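Colleague: The structure follows.
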Amino acid sequence: MVNSDQRRRQLAREKFERQQLRRAEARKQAKVRNVVIGAALSVVLVGGAGAYATVKSSGDDTKSDKASEASASPTPSESESAEPEPKMTIDKSAKYTFTLKTDQGTIAIAMDAKKTPHTVNSFKALADKGYFDKTKCHRLTTEGIFVLQCGDPQGDGTGGPGYTIEDENLASLGKAGADGTVTYPAGTVAMANTGQPHSGGSQFFLVYKDTKLAPSYTPFGTLDDAGLKAVKAVAKAGVEGGGGDGAPKKAVTVEKGTVDKA
């Protein structure tokens, strides 16, 4: 027999996972549309090649469709990965610090490359080219699960780096209970994904209060005390427009994201 609090948490987790899957499907559908559009354009270009020398281009631009869902989405699924994962360049025996300088305070995340080499290497490669600069933490969840999600250059949950990385360190939080979940302790930083294995990209979530989730989100870092305090302050302000899931009322912009050897 589950009590009302347990049921509320269960419903929140189920909602979280349904949203991940729906938005992954929206990205997949958008990609299919864009492939169809690209194929149609290529037919026009090939078919009109003979006339190209005498007909001046009108200069019209064809814009790609956006994903149909614009709220908190994880990264593309593995089947959507179009680019290779960055070449391994980090010291896999070292520890690194992922520093987010935000307008709500500086958040430092300790990372152990020995436990999550692919994740740390990817974040290092992305940060070195300014990928996280001027991005927003686009999603706050305050009911059932307690996370702030960041890492999307689009700012709406639909963005990713164009490749995916493998899941790592999943057993570190212990064996799942009867409800299929483990506890992600406050201060944990983990990868968002599409609900499919090995589908992480650039989006990640900061846990500001102990949260029960399936052990399928790579835990790759730990917030420092100042960072956890800053995230808790954002959570305390609530979700824009009310409710328990959406853009944070206290907007968070990452002014600079860096990864350095500790």
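Residues in the structure tokens are named by chain (A, B, ... in the order shown) and by number from 1 within that chain; ligands are numbered from 1 in the order shown.
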Give me every alpha helix (DSSP H) residue in range 57-238 of chain A, going by DSSP on the backbone, as a PyMOL selection string.
Modeller: chain A and resi 117-128+225-237
Colleague: For range 171-181 of chain A, find every residue with an atom within 7 Å (counting only C-alpha atoms), except residues of its own chain fewer than 3 positions away, and show them as an MDAnalysis selection string.
Modeller: chainID A and resid 212:215
Colleague: Residues of range 119-218 of chain A in strand (DSSP E or B) according to DSSP, as a PDB file with all heavy atoms, in the first residue's frame?
Modeller:
```pdb
ATOM      1  N   THR A 135      24.026  30.270 -22.439  1.00  0.00           N
ATOM      2  CA  THR A 135      22.890  29.355 -22.483  1.00  0.00           C
ATOM      3  C   THR A 135      22.054  29.507 -21.217  1.00  0.00           C
ATOM      4  O   THR A 135      22.519  30.058 -20.215  1.00  0.00           O
ATOM      5  CB  THR A 135      23.350  27.886 -22.613  1.00  0.00           C
ATOM      6  OG1 THR A 135      24.149  27.543 -21.460  1.00  0.00           O
ATOM      7  CG2 THR A 135      24.155  27.671 -23.875  1.00  0.00           C
ATOM      8  N   LYS A 136      20.827  29.015 -21.271  1.00  0.00           N
ATOM      9  CA  LYS A 136      19.922  29.122 -20.127  1.00  0.00           C
ATOM     10  C   LYS A 136      19.677  27.751 -19.502  1.00  0.00           C
ATOM     11  O   LYS A 136      19.682  26.736 -20.194  1.00  0.00           O
ATOM     12  CB  LYS A 136      18.585  29.729 -20.553  1.00  0.00           C
ATOM     13  CG  LYS A 136      18.665  31.188 -20.968  1.00  0.00           C
ATOM     14  CD  LYS A 136      17.279  31.731 -21.277  1.00  0.00           C
ATOM     15  CE  LYS A 136      17.339  33.207 -21.657  1.00  0.00           C
ATOM     16  NZ  LYS A 136      17.802  34.055 -20.539  1.00  0.00           N
ATOM     17  N   ARG A 139      14.777  24.404 -17.503  1.00  0.00           N
ATOM     18  CA  ARG A 139      13.705  23.637 -16.860  1.00  0.00           C
ATOM     19  C   ARG A 139      13.936  23.462 -15.366  1.00  0.00           C
ATOM     20  O   ARG A 139      15.023  23.081 -14.933  1.00  0.00           O
ATOM     21  CB  ARG A 139      13.614  22.253 -17.503  1.00  0.00           C
ATOM     22  CG  ARG A 139      12.560  21.362 -16.877  1.00  0.00           C
ATOM     23  CD  ARG A 139      12.617  19.976 -17.460  1.00  0.00           C
ATOM     24  NE  ARG A 139      11.483  19.167 -17.050  1.00  0.00           N
ATOM     25  CZ  ARG A 139      11.313  17.895 -17.359  1.00  0.00           C
ATOM     26  NH1 ARG A 139      12.212  17.289 -18.100  1.00  0.00           N
ATOM     27  NH2 ARG A 139      10.256  17.220 -16.949  1.00  0.00           N
ATOM     28  N   LEU A 140      12.896  23.745 -14.592  1.00  0.00           N
ATOM     29  CA  LEU A 140      12.917  23.530 -13.152  1.00  0.00           C
ATOM     30  C   LEU A 140      11.745  22.627 -12.792  1.00  0.00           C
ATOM     31  O   LEU A 140      10.620  22.852 -13.241  1.00  0.00           O
ATOM     32  CB  LEU A 140      12.790  24.866 -12.415  1.00  0.00           C
ATOM     33  CG  LEU A 140      12.666  24.790 -10.885  1.00  0.00           C
ATOM     34  CD1 LEU A 140      13.979  24.293 -10.270  1.00  0.00           C
ATOM     35  CD2 LEU A 140      12.302  26.163 -10.310  1.00  0.00           C
ATOM     36  N   THR A 141      12.011  21.601 -11.993  1.00  0.00           N
ATOM     37  CA  THR A 141      10.950  20.720 -11.523  1.00  0.00           C
ATOM     38  C   THR A 141      10.938  20.748 -10.000  1.00  0.00           C
ATOM     39  O   THR A 141      11.982  20.542  -9.362  1.00  0.00           O
ATOM     40  CB  THR A 141      11.148  19.280 -12.020  1.00  0.00           C
ATOM     41  OG1 THR A 141      11.270  19.292 -13.443  1.00  0.00           O
ATOM     42  CG2 THR A 141       9.969  18.407 -11.649  1.00  0.00           C
ATOM     43  N   VAL A 147      14.868  19.035  -9.619  1.00  0.00           N
ATOM     44  CA  VAL A 147      16.026  19.238 -10.483  1.00  0.00           C
ATOM     45  C   VAL A 147      15.918  20.545 -11.266  1.00  0.00           C
ATOM     46  O   VAL A 147      14.830  21.039 -11.552  1.00  0.00           O
ATOM     47  CB  VAL A 147      16.187  18.070 -11.490  1.00  0.00           C
ATOM     48  CG1 VAL A 147      16.320  16.741 -10.764  1.00  0.00           C
ATOM     49  CG2 VAL A 147      15.025  18.013 -12.475  1.00  0.00           C
ATOM     50  N   LEU A 148      17.090  21.083 -11.610  1.00  0.00           N
ATOM     51  CA  LEU A 148      17.207  22.204 -12.534  1.00  0.00           C
ATOM     52  C   LEU A 148      17.991  21.679 -13.721  1.00  0.00           C
ATOM     53  O   LEU A 148      19.091  21.158 -13.570  1.00  0.00           O
ATOM     54  CB  LEU A 148      17.954  23.368 -11.879  1.00  0.00           C
ATOM     55  CG  LEU A 148      18.225  24.595 -12.763  1.00  0.00           C
ATOM     56  CD1 LEU A 148      16.917  25.297 -13.145  1.00  0.00           C
ATOM     57  CD2 LEU A 148      19.176  25.565 -12.066  1.00  0.00           C
ATOM     58  N   GLN A 149      17.422  21.796 -14.919  1.00  0.00           N
ATOM     59  CA  GLN A 149      18.052  21.228 -16.117  1.00  0.00           C
ATOM     60  C   GLN A 149      18.685  22.324 -16.971  1.00  0.00           C
ATOM     61  O   GLN A 149      18.084  23.366 -17.208  1.00  0.00           O
ATOM     62  CB  GLN A 149      17.013  20.454 -16.935  1.00  0.00           C
ATOM     63  CG  GLN A 149      17.617  19.618 -18.053  1.00  0.00           C
ATOM     64  CD  GLN A 149      16.640  18.572 -18.578  1.00  0.00           C
ATOM     65  OE1 GLN A 149      15.820  18.039 -17.833  1.00  0.00           O
ATOM     66  NE2 GLN A 149      16.719  18.283 -19.858  1.00  0.00           N
ATOM     67  N   CYS A 150      19.906  22.064 -17.420  1.00  0.00           N
ATOM     68  CA  CYS A 150      20.697  23.042 -18.181  1.00  0.00           C
ATOM     69  C   CYS A 150      21.394  22.336 -19.347  1.00  0.00           C
ATOM     70  O   CYS A 150      21.198  21.141 -19.577  1.00  0.00           O
ATOM     71  CB  CYS A 150      21.758  23.675 -17.276  1.00  0.00           C
ATOM     72  SG  CYS A 150      21.213  24.237 -15.650  1.00  0.00           S
ATOM     73  N   ASP A 152      21.403  23.259 -22.746  1.00  0.00           N
ATOM     74  CA  ASP A 152      20.807  23.299 -24.079  1.00  0.00           C
ATOM     75  C   ASP A 152      21.073  24.653 -24.726  1.00  0.00           C
ATOM     76  O   ASP A 152      20.569  25.673 -24.255  1.00  0.00           O
ATOM     77  CB  ASP A 152      19.305  23.057 -23.989  1.00  0.00           C
ATOM     78  CG  ASP A 152      18.597  23.232 -25.325  1.00  0.00           C
ATOM     79  OD1 ASP A 152      19.275  23.148 -26.366  1.00  0.00           O
ATOM     80  OD2 ASP A 152      17.381  23.455 -25.324  1.00  0.00           O
ATOM     81  N   ILE A 165      26.643  10.164 -26.208  1.00  0.00           N
ATOM     82  CA  ILE A 165      27.705   9.479 -25.480  1.00  0.00           C
ATOM     83  C   ILE A 165      27.098   8.329 -24.678  1.00  0.00           C
ATOM     84  O   ILE A 165      25.909   8.323 -24.388  1.00  0.00           O
ATOM     85  CB  ILE A 165      28.476  10.439 -24.550  1.00  0.00           C
ATOM     86  CG1 ILE A 165      27.514  11.166 -23.598  1.00  0.00           C
ATOM     87  CG2 ILE A 165      29.276  11.435 -25.361  1.00  0.00           C
ATOM     88  CD1 ILE A 165      28.203  12.080 -22.613  1.00  0.00           C
ATOM     89  N   VAL A 182      16.323   4.637  -7.693  1.00  0.00           N
ATOM     90  CA  VAL A 182      17.375   4.861  -6.707  1.00  0.00           C
ATOM     91  C   VAL A 182      17.296   6.331  -6.309  1.00  0.00           C
ATOM     92  O   VAL A 182      16.629   7.126  -6.970  1.00  0.00           O
ATOM     93  CB  VAL A 182      18.775   4.551  -7.267  1.00  0.00           C
ATOM     94  CG1 VAL A 182      18.913   3.084  -7.613  1.00  0.00           C
ATOM     95  CG2 VAL A 182      19.083   5.420  -8.495  1.00  0.00           C
ATOM     96  N   THR A 183      17.965   6.671  -5.236  1.00  0.00           N
ATOM     97  CA  THR A 183      17.978   8.067  -4.800  1.00  0.00           C
ATOM     98  C   THR A 183      19.181   8.791  -5.386  1.00  0.00           C
ATOM     99  O   THR A 183      20.324   8.357  -5.218  1.00  0.00           O
ATOM    100  CB  THR A 183      18.022   8.167  -3.270  1.00  0.00           C
ATOM    101  OG1 THR A 183      16.836   7.580  -2.730  1.00  0.00           O
ATOM    102  CG2 THR A 183      18.093   9.627  -2.822  1.00  0.00           C
ATOM    103  N   TYR A 184      18.908   9.872  -6.099  1.00  0.00           N
ATOM    104  CA  TYR A 184      19.948  10.796  -6.548  1.00  0.00           C
ATOM    105  C   TYR A 184      20.042  11.862  -5.455  1.00  0.00           C
ATOM    106  O   TYR A 184      19.151  12.705  -5.327  1.00  0.00           O
ATOM    107  CB  TYR A 184      19.569  11.430  -7.886  1.00  0.00           C
ATOM    108  CG  TYR A 184      19.674  10.489  -9.081  1.00  0.00           C
ATOM    109  CD1 TYR A 184      18.781   9.429  -9.234  1.00  0.00           C
ATOM    110  CD2 TYR A 184      20.666  10.658 -10.041  1.00  0.00           C
ATOM    111  CE1 TYR A 184      18.880   8.556 -10.315  1.00  0.00           C
ATOM    112  CE2 TYR A 184      20.763   9.797 -11.135  1.00  0.00           C
ATOM    113  CZ  TYR A 184      19.871   8.753 -11.262  1.00  0.00           C
ATOM    114  OH  TYR A 184      19.965   7.885 -12.331  1.00  0.00           O
ATOM    115  N   THR A 188      23.835  16.057  -6.546  1.00  0.00           N
ATOM    116  CA  THR A 188      24.231  15.216  -7.683  1.00  0.00           C
ATOM    117  C   THR A 188      23.989  15.959  -8.998  1.00  0.00           C
ATOM    118  O   THR A 188      23.005  16.681  -9.141  1.00  0.00           O
ATOM    119  CB  THR A 188      23.417  13.908  -7.702  1.00  0.00           C
ATOM    120  OG1 THR A 188      23.627  13.202  -6.479  1.00  0.00           O
ATOM    121  CG2 THR A 188      23.818  13.023  -8.871  1.00  0.00           C
ATOM    122  N   VAL A 189      24.886  15.766  -9.942  1.00  0.00           N
ATOM    123  CA  VAL A 189      24.705  16.290 -11.297  1.00  0.00           C
ATOM    124  C   VAL A 189      24.711  15.094 -12.239  1.00  0.00           C
ATOM    125  O   VAL A 189      25.625  14.269 -12.206  1.00  0.00           O
ATOM    126  CB  VAL A 189      25.818  17.277 -11.692  1.00  0.00           C
ATOM    127  CG1 VAL A 189      25.536  17.889 -13.063  1.00  0.00           C
ATOM    128  CG2 VAL A 189      25.949  18.387 -10.648  1.00  0.00           C
ATOM    129  N   ALA A 190      23.666  14.977 -13.060  1.00  0.00           N
ATOM    130  CA  ALA A 190      23.519  13.795 -13.914  1.00  0.00           C
ATOM    131  C   ALA A 190      23.091  14.191 -15.319  1.00  0.00           C
ATOM    132  O   ALA A 190      22.566  15.292 -15.546  1.00  0.00           O
ATOM    133  CB  ALA A 190      22.501  12.830 -13.301  1.00  0.00           C
ATOM    134  N   MET A 191      23.306  13.271 -16.248  1.00  0.00           N
ATOM    135  CA  MET A 191      22.967  13.521 -17.644  1.00  0.00           C
ATOM    136  C   MET A 191      21.476  13.331 -17.896  1.00  0.00           C
ATOM    137  O   MET A 191      20.870  12.362 -17.440  1.00  0.00           O
ATOM    138  CB  MET A 191      23.730  12.556 -18.559  1.00  0.00           C
ATOM    139  CG  MET A 191      25.227  12.781 -18.608  1.00  0.00           C
ATOM    140  SD  MET A 191      25.661  14.409 -19.266  1.00  0.00           S
ATOM    141  CE  MET A 191      25.080  14.247 -20.962  1.00  0.00           C
ATOM    142  N   GLY A 200      22.694  10.304 -24.091  1.00  0.00           N
ATOM    143  CA  GLY A 200      23.059  11.604 -23.524  1.00  0.00           C
ATOM    144  C   GLY A 200      23.775  12.473 -24.534  1.00  0.00           C
ATOM    145  O   GLY A 200      24.447  11.976 -25.447  1.00  0.00           O
ATOM    146  N   PHE A 204      22.021  18.356 -18.927  1.00  0.00           N
ATOM    147  CA  PHE A 204      22.266  17.727 -17.641  1.00  0.00           C
ATOM    148  C   PHE A 204      21.353  18.360 -16.597  1.00  0.00           C
ATOM    149  O   PHE A 204      20.780  19.432 -16.828  1.00  0.00           O
ATOM    150  CB  PHE A 204      23.737  17.890 -17.231  1.00  0.00           C
ATOM    151  CG  PHE A 204      24.201  19.330 -17.178  1.00  0.00           C
ATOM    152  CD1 PHE A 204      24.195  20.047 -15.983  1.00  0.00           C
ATOM    153  CD2 PHE A 204      24.647  19.979 -18.325  1.00  0.00           C
ATOM    154  CE1 PHE A 204      24.624  21.379 -15.931  1.00  0.00           C
ATOM    155  CE2 PHE A 204      25.076  21.307 -18.289  1.00  0.00           C
ATOM    156  CZ  PHE A 204      25.065  22.003 -17.091  1.00  0.00           C
ATOM    157  N   PHE A 205      21.185  17.678 -15.464  1.00  0.00           N
ATOM    158  CA  PHE A 205      20.340  18.263 -14.426  1.00  0.00           C
ATOM    159  C   PHE A 205      21.061  18.285 -13.081  1.00  0.00           C
ATOM    160  O   PHE A 205      21.860  17.410 -12.756  1.00  0.00           O
ATOM    161  CB  PHE A 205      18.985  17.559 -14.331  1.00  0.00           C
ATOM    162  CG  PHE A 205      19.003  16.075 -14.094  1.00  0.00           C
ATOM    163  CD1 PHE A 205      19.021  15.552 -12.809  1.00  0.00           C
ATOM    164  CD2 PHE A 205      18.965  15.190 -15.164  1.00  0.00           C
ATOM    165  CE1 PHE A 205      19.010  14.185 -12.583  1.00  0.00           C
ATOM    166  CE2 PHE A 205      18.944  13.807 -14.955  1.00  0.00           C
ATOM    167  CZ  PHE A 205      18.978  13.308 -13.651  1.00  0.00           C
ATOM    168  N   LEU A 206      20.756  19.337 -12.326  1.00  0.00           N
ATOM    169  CA  LEU A 206      21.330  19.576 -11.010  1.00  0.00           C
ATOM    170  C   LEU A 206      20.270  19.219  -9.971  1.00  0.00           C
ATOM    171  O   LEU A 206      19.188  19.805  -9.956  1.00  0.00           O
ATOM    172  CB  LEU A 206      21.726  21.050 -10.862  1.00  0.00           C
ATOM    173  CG  LEU A 206      22.484  21.676 -12.046  1.00  0.00           C
ATOM    174  CD1 LEU A 206      22.625  23.179 -11.840  1.00  0.00           C
ATOM    175  CD2 LEU A 206      23.849  21.044 -12.207  1.00  0.00           C
ATOM    176  N   VAL A 207      20.575  18.265  -9.121  1.00  0.00           N
ATOM    177  CA  VAL A 207      19.624  17.816  -8.105  1.00  0.00           C
ATOM    178  C   VAL A 207      19.797  18.680  -6.850  1.00  0.00           C
ATOM    179  O   VAL A 207      20.877  18.700  -6.267  1.00  0.00           O
ATOM    180  CB  VAL A 207      19.844  16.332  -7.761  1.00  0.00           C
ATOM    181  CG1 VAL A 207      18.824  15.863  -6.727  1.00  0.00           C
ATOM    182  CG2 VAL A 207      19.771  15.473  -9.018  1.00  0.00           C
ATOM    183  N   THR A 211      16.188  12.996  -4.766  1.00  0.00           N
ATOM    184  CA  THR A 211      15.197  12.696  -5.803  1.00  0.00           C
ATOM    185  C   THR A 211      15.285  11.229  -6.211  1.00  0.00           C
ATOM    186  O   THR A 211      16.376  10.711  -6.452  1.00  0.00           O
ATOM    187  CB  THR A 211      15.446  13.593  -7.038  1.00  0.00           C
ATOM    188  OG1 THR A 211      15.161  14.950  -6.702  1.00  0.00           O
ATOM    189  CG2 THR A 211      14.567  13.172  -8.210  1.00  0.00           C
ATOM    190  N   LYS A 212      14.143  10.582  -6.299  1.00  0.00           N
ATOM    191  CA  LYS A 212      14.096   9.189  -6.734  1.00  0.00           C
ATOM    192  C   LYS A 212      13.809   9.123  -8.231  1.00  0.00           C
ATOM    193  O   LYS A 212      12.822   9.674  -8.705  1.00  0.00           O
ATOM    194  CB  LYS A 212      13.027   8.422  -5.954  1.00  0.00           C
ATOM    195  CG  LYS A 212      13.445   8.059  -4.530  1.00  0.00           C
ATOM    196  CD  LYS A 212      12.409   7.191  -3.878  1.00  0.00           C
ATOM    197  CE  LYS A 212      12.897   6.658  -2.539  1.00  0.00           C
ATOM    198  NZ  LYS A 212      14.022   5.716  -2.685  1.00  0.00           N
ATOM    199  N   LEU A 213      14.701   8.456  -8.961  1.00  0.00           N
ATOM    200  CA  LEU A 213      14.564   8.256 -10.400  1.00  0.00           C
ATOM    201  C   LEU A 213      15.107   6.881 -10.758  1.00  0.00           C
ATOM    202  O   LEU A 213      15.850   6.279  -9.981  1.00  0.00           O
ATOM    203  CB  LEU A 213      15.356   9.330 -11.172  1.00  0.00           C
ATOM    204  CG  LEU A 213      14.793  10.746 -11.231  1.00  0.00           C
ATOM    205  CD1 LEU A 213      15.846  11.690 -11.774  1.00  0.00           C
ATOM    206  CD2 LEU A 213      13.542  10.794 -12.092  1.00  0.00           C
TER     207      LEU A 213
END
```
Colleague: How many Å separate CA of Gly157 in chain A from CA of Thr97 in chain A?
Modeller: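 Those two atoms sit 24.1 Å apart.
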Colleague: Between CA of Thr119 in chain A and CA of Thr158 in chain A, what is the distance, to one decimal in Å?
Modeller: 19.4 Å
